[in-house]
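The file final.txt contains compact mmCIF, C-alpha atoms (C1' of nucleotides):
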```
# COMPACT_ATOMS: atom_id res chain seq x y z
CA MET A 1 -30.44 122.66 -117.88
CA ALA A 2 -31.97 125.97 -118.82
CA ALA A 3 -29.58 128.49 -120.31
CA SER A 4 -29.31 130.27 -116.96
CA ASP A 5 -25.74 129.42 -115.95
CA ILE A 6 -23.90 130.41 -119.02
CA GLU A 7 -20.30 129.50 -119.58
CA ARG A 8 -18.92 129.97 -116.04
CA PRO A 9 -20.79 128.12 -113.32
CA HIS A 10 -18.18 129.04 -110.75
CA ALA A 11 -14.53 129.92 -110.52
CA SER A 12 -11.73 129.40 -108.04
CA ILE A 13 -9.94 132.16 -106.22
CA GLY A 14 -6.96 131.67 -108.51
CA ASP A 15 -9.13 132.15 -111.57
CA LEU A 16 -10.41 135.46 -110.27
CA CYS A 17 -6.95 136.57 -109.31
CA ARG A 18 -5.75 136.09 -112.84
CA GLU A 19 -8.85 137.71 -114.25
CA PHE A 20 -8.55 140.84 -112.13
CA ASP A 21 -4.82 140.83 -111.50
CA VAL A 22 -5.04 140.77 -107.74
CA THR A 23 -3.66 138.39 -105.14
CA PRO A 24 -5.67 135.82 -103.17
CA ARG A 25 -4.95 137.87 -100.08
CA THR A 26 -6.83 140.75 -101.63
CA LEU A 27 -9.98 138.77 -102.34
CA ARG A 28 -9.93 137.14 -98.92
CA PHE A 29 -9.45 140.55 -97.40
CA TYR A 30 -12.47 141.90 -99.25
CA GLU A 31 -14.41 138.93 -97.99
CA ASP A 32 -13.33 139.61 -94.41
CA LYS A 33 -14.47 143.17 -94.87
CA GLY A 34 -17.89 141.97 -95.98
CA LEU A 35 -17.61 143.15 -99.56
CA ILE A 36 -18.09 139.75 -101.11
CA ALA A 37 -19.38 136.42 -99.90
CA PRO A 38 -18.50 133.62 -102.27
CA ARG A 39 -20.09 130.23 -101.79
CA ARG A 40 -18.12 127.25 -100.67
CA ASP A 41 -17.36 123.81 -101.93
CA GLY A 42 -16.30 122.44 -98.60
CA GLN A 43 -13.47 124.78 -97.74
CA ARG A 44 -12.83 126.10 -101.17
CA ARG A 45 -14.34 129.37 -102.31
CA LEU A 46 -16.54 129.35 -105.38
CA TYR A 47 -17.08 132.65 -107.14
CA THR A 48 -20.17 133.28 -109.20
CA SER A 49 -20.82 135.95 -111.78
CA ARG A 50 -22.38 138.05 -109.03
CA ASP A 51 -19.15 137.96 -107.07
CA ARG A 52 -17.33 138.80 -110.24
CA ALA A 53 -19.52 141.85 -110.81
CA ARG A 54 -18.95 143.01 -107.25
CA ILE A 55 -15.22 142.65 -107.55
CA ARG A 56 -15.32 144.70 -110.69
CA LEU A 57 -17.16 147.44 -108.84
CA ILE A 58 -14.78 147.30 -105.93
CA LEU A 59 -11.76 147.69 -108.15
CA GLN A 60 -13.46 150.47 -110.05
CA GLY A 61 -14.18 152.28 -106.80
CA ARG A 62 -10.61 151.78 -105.70
CA ARG A 63 -9.39 153.69 -108.72
CA PHE A 64 -11.55 156.59 -107.59
CA GLY A 65 -10.17 156.49 -104.10
CA PHE A 66 -13.19 155.06 -102.35
CA ALA A 67 -12.29 153.38 -99.06
CA LEU A 68 -13.32 149.75 -98.72
CA ASP A 69 -15.76 150.63 -95.98
CA GLU A 70 -17.44 153.08 -98.31
CA MET A 71 -17.53 150.49 -101.04
CA ARG A 72 -19.31 148.06 -98.75
CA GLU A 73 -21.96 150.66 -98.02
CA LEU A 74 -22.42 151.39 -101.68
CA LEU A 75 -22.70 147.73 -102.57
CA ASP A 76 -25.20 147.26 -99.79
CA LEU A 77 -27.29 150.10 -101.14
CA TYR A 78 -27.72 148.24 -104.36
CA ASP A 79 -28.53 144.98 -102.66
CA ILE A 80 -31.18 146.42 -100.40
CA GLY A 81 -32.52 148.97 -102.83
CA ASP A 82 -36.16 149.03 -103.89
CA GLN A 83 -35.86 148.95 -107.61
CA GLY A 84 -32.73 151.02 -107.21
CA ARG A 85 -34.55 154.33 -107.39
CA THR A 86 -33.86 155.98 -104.07
CA GLN A 87 -30.71 154.02 -103.46
CA ALA A 88 -29.19 154.93 -106.77
CA ARG A 89 -29.68 158.55 -105.86
CA ARG A 90 -27.72 158.11 -102.67
CA VAL A 91 -24.96 156.40 -104.57
CA ILE A 92 -24.82 159.28 -107.01
CA GLU A 93 -24.58 161.74 -104.16
CA HIS A 94 -21.82 159.74 -102.62
CA ALA A 95 -19.93 159.70 -105.88
CA GLU A 96 -20.38 163.43 -106.26
CA ARG A 97 -18.89 164.04 -102.87
CA ARG A 98 -15.93 161.93 -103.76
CA LEU A 99 -15.60 163.80 -107.01
CA ALA A 100 -15.51 167.06 -105.10
CA GLU A 101 -12.76 165.68 -102.88
CA MET A 102 -10.76 164.62 -105.88
CA GLU A 103 -11.12 168.05 -107.41
CA ALA A 104 -10.00 169.71 -104.21
CA GLN A 105 -7.04 167.40 -104.13
CA ARG A 106 -6.17 168.25 -107.68
CA SER A 107 -6.32 171.93 -106.93
CA GLU A 108 -3.91 171.50 -104.02
CA LEU A 109 -1.65 169.44 -106.19
CA ASP A 110 -1.75 172.07 -108.90
CA THR A 111 -0.75 174.78 -106.48
CA ALA A 112 2.13 172.72 -105.15
CA ILE A 113 3.29 171.95 -108.67
CA ARG A 114 3.28 175.59 -109.66
CA GLU A 115 5.18 176.58 -106.55
CA LEU A 116 7.77 173.88 -106.98
CA ARG A 117 8.24 174.85 -110.62
CA THR A 118 8.84 178.43 -109.64
CA LEU A 119 11.33 177.51 -106.96
CA ILE A 120 13.23 175.30 -109.36
CA ALA A 121 13.23 177.89 -112.11
CA GLU A 122 14.51 180.59 -109.80
CA ARG A 123 17.00 178.24 -108.18
CA ARG A 124 15.44 179.07 -104.87
CA ILE A 125 14.62 175.47 -104.12
CA PHE A 126 15.90 174.58 -100.69
CA ALA A 127 17.87 177.75 -100.52
CA GLU A 128 18.08 178.96 -96.97
CA PRO A 129 17.18 182.58 -96.52
CA GLN A 130 20.38 184.64 -96.36
CA ALA A 131 21.81 184.32 -92.89
CA THR A 132 24.57 186.80 -92.19
CA ASN A 133 25.72 184.39 -89.55
CA MET B 1 28.46 190.81 -76.89
CA ALA B 2 29.19 191.25 -80.57
CA ALA B 3 26.19 191.79 -82.79
CA SER B 4 26.41 188.19 -84.01
CA ASP B 5 23.44 186.68 -82.23
CA ILE B 6 20.79 189.09 -83.24
CA GLU B 7 17.46 189.15 -81.49
CA ARG B 8 16.97 185.41 -80.90
CA PRO B 9 19.88 183.65 -79.26
CA HIS B 10 17.87 180.48 -78.78
CA ALA B 11 14.32 179.36 -78.46
CA SER B 12 12.47 176.60 -76.68
CA ILE B 13 10.59 173.83 -78.38
CA GLY B 14 7.34 175.52 -77.47
CA ASP B 15 8.43 178.71 -79.17
CA LEU B 16 9.19 176.89 -82.37
CA CYS B 17 5.94 175.00 -82.20
CA ARG B 18 4.01 178.24 -82.11
CA GLU B 19 6.14 179.76 -84.83
CA PHE B 20 5.65 176.89 -87.24
CA ASP B 21 2.33 175.56 -86.01
CA VAL B 22 3.53 172.07 -85.27
CA THR B 23 3.50 169.95 -82.13
CA PRO B 24 6.51 169.17 -79.95
CA ARG B 25 6.16 165.57 -81.05
CA THR B 26 6.81 166.62 -84.60
CA LEU B 27 10.05 168.44 -83.82
CA ARG B 28 11.29 165.62 -81.62
CA PHE B 29 10.41 163.20 -84.36
CA TYR B 30 12.44 165.18 -86.88
CA GLU B 31 15.30 165.14 -84.44
CA ASP B 32 15.05 161.37 -84.06
CA LYS B 33 15.15 161.09 -87.81
CA GLY B 34 18.34 163.13 -87.91
CA LEU B 35 16.86 166.16 -89.63
CA ILE B 36 17.72 168.61 -86.90
CA ALA B 37 20.04 168.58 -83.91
CA PRO B 38 19.27 171.38 -81.50
CA ARG B 39 21.73 172.11 -78.72
CA ARG B 40 20.90 171.41 -75.13
CA ASP B 41 20.70 173.39 -71.95
CA GLY B 42 20.91 170.40 -69.69
CA GLN B 43 17.94 168.41 -70.88
CA ARG B 44 16.10 171.19 -72.59
CA ARG B 45 16.43 171.72 -76.30
CA LEU B 46 17.69 175.05 -77.55
CA TYR B 47 16.92 175.96 -81.13
CA THR B 48 19.12 178.35 -83.04
CA SER B 49 18.40 180.24 -86.23
CA ARG B 50 20.07 177.42 -88.11
CA ASP B 51 17.59 174.94 -86.70
CA ARG B 52 14.85 177.36 -87.56
CA ALA B 53 16.00 177.53 -91.17
CA ARG B 54 16.13 173.76 -91.40
CA ILE B 55 12.65 173.39 -90.02
CA ARG B 56 11.41 175.86 -92.58
CA LEU B 57 12.96 173.76 -95.33
CA ILE B 58 11.53 170.56 -93.93
CA LEU B 59 8.02 171.97 -93.83
CA GLN B 60 8.44 173.40 -97.29
CA GLY B 61 9.53 170.01 -98.58
CA ARG B 62 6.61 168.38 -96.86
CA ARG B 63 4.19 170.46 -98.86
CA PHE B 64 5.81 169.07 -101.99
CA GLY B 65 5.49 165.52 -100.83
CA PHE B 66 9.12 164.86 -100.03
CA ALA B 67 9.55 162.02 -97.57
CA LEU B 68 11.48 162.84 -94.41
CA ASP B 69 14.28 160.50 -95.44
CA GLU B 70 14.63 162.43 -98.66
CA MET B 71 14.63 165.69 -96.78
CA ARG B 72 17.46 164.49 -94.59
CA GLU B 73 19.52 163.68 -97.66
CA LEU B 74 18.81 167.05 -99.17
CA LEU B 75 19.71 168.88 -95.99
CA ASP B 76 22.91 166.88 -95.77
CA LEU B 77 23.80 167.88 -99.29
CA TYR B 78 23.78 171.48 -98.26
CA ASP B 79 25.77 170.88 -95.12
CA ILE B 80 28.50 168.91 -96.81
CA GLY B 81 28.47 170.84 -100.05
CA ASP B 82 31.61 172.52 -101.40
CA GLN B 83 30.36 176.02 -101.94
CA GLY B 84 27.03 174.49 -102.84
CA ARG B 85 27.86 174.22 -106.52
CA THR B 86 27.71 170.52 -107.26
CA GLN B 87 25.38 169.82 -104.40
CA ALA B 88 22.89 172.42 -105.47
CA ARG B 89 22.74 170.74 -108.83
CA ARG B 90 21.89 167.44 -107.23
CA VAL B 91 19.21 169.08 -105.18
CA ILE B 92 17.70 170.61 -108.28
CA GLU B 93 17.69 167.24 -109.98
CA HIS B 94 16.02 165.72 -106.98
CA ALA B 95 13.37 168.39 -107.02
CA GLU B 96 12.80 167.88 -110.73
CA ARG B 97 12.22 164.20 -110.21
CA ARG B 98 9.73 164.97 -107.50
CA LEU B 99 8.05 167.45 -109.80
CA ALA B 100 7.76 164.77 -112.46
CA GLU B 101 6.14 162.45 -109.94
CA MET B 102 3.68 165.11 -108.96
CA GLU B 103 2.78 165.74 -112.57
CA ALA B 104 2.28 162.05 -113.18
CA GLN B 105 0.07 161.93 -110.14
CA ARG B 106 -1.95 164.84 -111.40
CA SER B 107 -2.40 163.21 -114.74
CA GLU B 108 -3.71 160.05 -113.08
CA LEU B 109 -5.98 162.12 -110.92
CA ASP B 110 -7.25 163.99 -113.96
CA THR B 111 -8.07 160.78 -115.73
CA ALA B 112 -9.91 159.42 -112.73
CA ILE B 113 -11.85 162.64 -112.35
CA ARG B 114 -12.93 162.61 -115.98
CA GLU B 115 -14.00 158.99 -115.75
CA LEU B 116 -15.93 159.51 -112.58
CA ARG B 117 -17.65 162.55 -114.07
CA THR B 118 -18.70 160.54 -117.07
CA LEU B 119 -20.01 157.69 -114.98
CA ILE B 120 -22.02 160.08 -112.85
CA ALA B 121 -23.39 161.97 -115.82
CA GLU B 122 -24.46 158.79 -117.56
CA ARG B 123 -25.80 157.31 -114.35
CA ARG B 124 -23.56 154.35 -114.92
CA ILE B 125 -21.78 154.78 -111.62
CA PHE B 126 -21.74 151.49 -109.77
CA ALA B 127 -24.20 150.06 -112.19
CA GLU B 128 -23.54 146.40 -112.59
CA PRO B 129 -23.37 145.25 -116.17
CA GLN B 130 -26.73 143.83 -117.22
CA ALA B 131 -26.96 140.31 -115.89
CA THR B 132 -29.87 138.42 -117.35
CA ASN B 133 -29.65 136.28 -114.24
C1' DC C 1 3.85 107.37 -104.09
C1' DG C 2 6.37 111.52 -104.13
C1' DT C 3 6.21 116.10 -105.98
C1' DT C 4 3.95 120.13 -107.37
C1' DA C 5 0.13 123.16 -107.55
C1' DC C 6 -3.46 125.23 -105.32
C1' DG C 7 -6.31 125.95 -101.53
C1' DT C 8 -7.36 126.90 -96.41
C1' DT C 9 -7.12 129.70 -91.60
C1' DG C 10 -4.68 132.55 -88.38
C1' DA C 11 -1.96 136.04 -87.15
C1' DC C 12 1.75 139.17 -87.06
C1' DG C 13 4.40 142.67 -90.18
C1' DT C 14 4.64 146.80 -93.27
C1' DC C 15 4.78 151.83 -94.33
C1' DA C 16 4.75 157.26 -92.75
C1' DA C 17 4.35 160.60 -89.85
C1' DC C 18 3.26 161.47 -86.18
C1' DG C 19 -0.65 160.90 -81.75
C1' DT C 20 -1.07 159.72 -77.19
C1' DA C 21 -0.43 158.35 -72.78
C1' DA C 22 2.62 157.65 -68.66
C1' DA C 23 5.72 159.14 -65.28
C1' DG C 24 8.81 162.21 -63.83
C1' DC C 25 11.77 166.64 -63.90
C1' DT C 26 12.08 171.94 -63.15
C1' DT C 27 10.67 176.48 -63.48
C1' DT C 28 7.33 180.05 -63.20
C1' DT C 29 3.27 182.10 -61.11
C1' DC C 30 -0.03 183.27 -57.63
C1' DG D 1 5.01 176.94 -51.07
C1' DA D 2 1.76 174.75 -53.90
C1' DA D 3 -0.20 174.32 -58.23
C1' DA D 4 0.20 175.07 -63.02
C1' DA D 5 3.33 175.37 -67.14
C1' DG D 6 6.43 173.55 -69.74
C1' DC D 7 9.99 170.38 -70.46
C1' DT D 8 12.01 165.50 -70.62
C1' DT D 9 12.21 160.21 -72.10
C1' DT D 10 10.09 155.81 -73.20
C1' DA D 11 7.08 153.33 -75.70
C1' DC D 12 2.89 151.65 -77.57
C1' DG D 13 -1.18 153.13 -80.76
C1' DT D 14 -3.16 154.86 -85.23
C1' DT D 15 -4.64 154.43 -90.28
C1' DG D 16 -5.53 151.28 -94.84
C1' DA D 17 -4.88 147.82 -97.64
C1' DC D 18 -2.94 144.49 -97.98
C1' DG D 19 2.14 141.38 -97.55
C1' DT D 20 4.18 137.55 -95.60
C1' DC D 21 4.97 133.83 -93.10
C1' DA D 22 3.41 129.32 -90.77
C1' DA D 23 1.30 125.04 -90.87
C1' DC D 24 -1.72 122.35 -92.89
C1' DG D 25 -5.23 119.89 -96.30
C1' DT D 26 -6.34 118.15 -100.96
C1' DA D 27 -5.88 116.96 -105.63
C1' DA D 28 -3.83 115.97 -109.96
C1' DC D 29 0.36 114.54 -112.45
C1' DG D 30 3.66 111.31 -113.84
```
Conversion result in structure tokens:
Amino acid sequence: MAASDIERPHASIGDLCREFDVTPRTLRFYEDKGLIAPRRDGQRRLYTSRDRARIRLILQGRRFGFALDEMRELLDLYDIGDQGRTQARRVIEHAERRLAEMEAQRSELDTAIRELRTLIAERRIFAEPQATN
Amino acid sequence: MAASDIERPHASIGDLCREFDVTPRTLRFYEDKGLIAPRRDGQRRLYTSRDRARIRLILQGRRFGFALDEMRELLDLYDIGDQGRTQARRVIEHAERRLAEMEAQRSELDTAIRELRTLIAERRIFAEPQATN
DNA sequence: CGTTACGTTGACGTCAACGTAAAGCTTTTC
DNA sequence: GAAAAGCTTTACGTTGACGTCAACGTAACG
């Protein structure tokens, strides 16, 4: 009866779905992929605050374009980590690589946008080069 | 023998592949999708300058993120078009919509980049919220 | 006790733009 | 004249993150 399990002892899959605005399929899929491992009450999944935290991280990573396989690695790093020192560094490096990818992507996108703008402005968009034929 | 077919009467699929740096599979796929319709010498495909122009447009559109189905519509607009007047307008509108999508995408990407930068800088990346547990 | 809500596993379907054999032509080259 | 190029069609595979059944169990409501 200590004040350890505060407020939410466990939640159902539906609860989490509402909380994070995802479908059950999504959470089961993450489980299949080894990203989360909720306990069971018989067949039913029971999600703890730890699961909740992991899901938050997963969805955060998703917004940054991390693949689920990468996310699993990153989550594992924190689980295995010795005080988080070395591991946290690896996570940072990973994030920095992703950041670089995103910046490269943005630069490509910028170029494409500028080109498309020019083509539209000059009415040269989808204009076939003059064929005398 | 008139000077109508200048320089390149027709080309093979391999020729076009080298010219545009794509694989035969790609050109055949575009044909399946109804984007191009090269003539035949028996079984072999013969590409004219018209096909060449279309392929150029397709690859240009690809760089802007147009789906192949969209490209087919756009190409059709030019083929059917009455002097290109009305049709060209529709094409421009289409391109402007795509441009808007690209800009929206860039804005999302920008936001994500800023957030990720902040998280990295503050070492809060993938840091689970403090659980007293 | 029937209905409704919510949960389970398993497994195939989706989307886009091709990749990748497989198996067989024909033409060019040595 | 044989092997290598280059062409053809047919058709299944790939990638990621789920969607969408199917078929069933369980639990609470009224």
Would you kindly report the residues of chain A within 9 Å of chain C, using all atoms listed in the file, as JSON, numbers by chain? {"A": [13, 14, 43, 44, 45]}
Show which residues sit within 12 Å of Ala121 of chain B, as a PyMOL selection string. Count only C-alpha atoms (C1' of nucleotides), and ignore same-chain residues fewer than 4 positions away. (chain A and resi 92-93+95-96+99) or (chain B and resi 114-117+125)
Specify as number ranges by chain all residues of chain D found within 12 Å of chain B, counting all atoms listed in the file. D: 5-9
I need the chain A residues near chain B as a ChimeraX atom specification; criterion: at most 8 Å, counting all atoms listed in the file. /A:4,53-54,57,63-64,91-92,95-96,99,102-103,106,109-110,112-113,116-117,120,123,125-126,128-129,133
Just give me the gap between atom CA of Ala67 of chain B and atom CA of Arg90 of chain B in Å, one decimal is fine. 16.6 Å
Two-atom distance - atom CA of Gly34 of chain B, atom C1' of DG16 of chain D (Å): 27.5 Å
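For the atom pair formed by atom CA of Ala37 of chain B and atom CA of Asp79 of chain B, the distance is 12.8 Å, given to one decimal.
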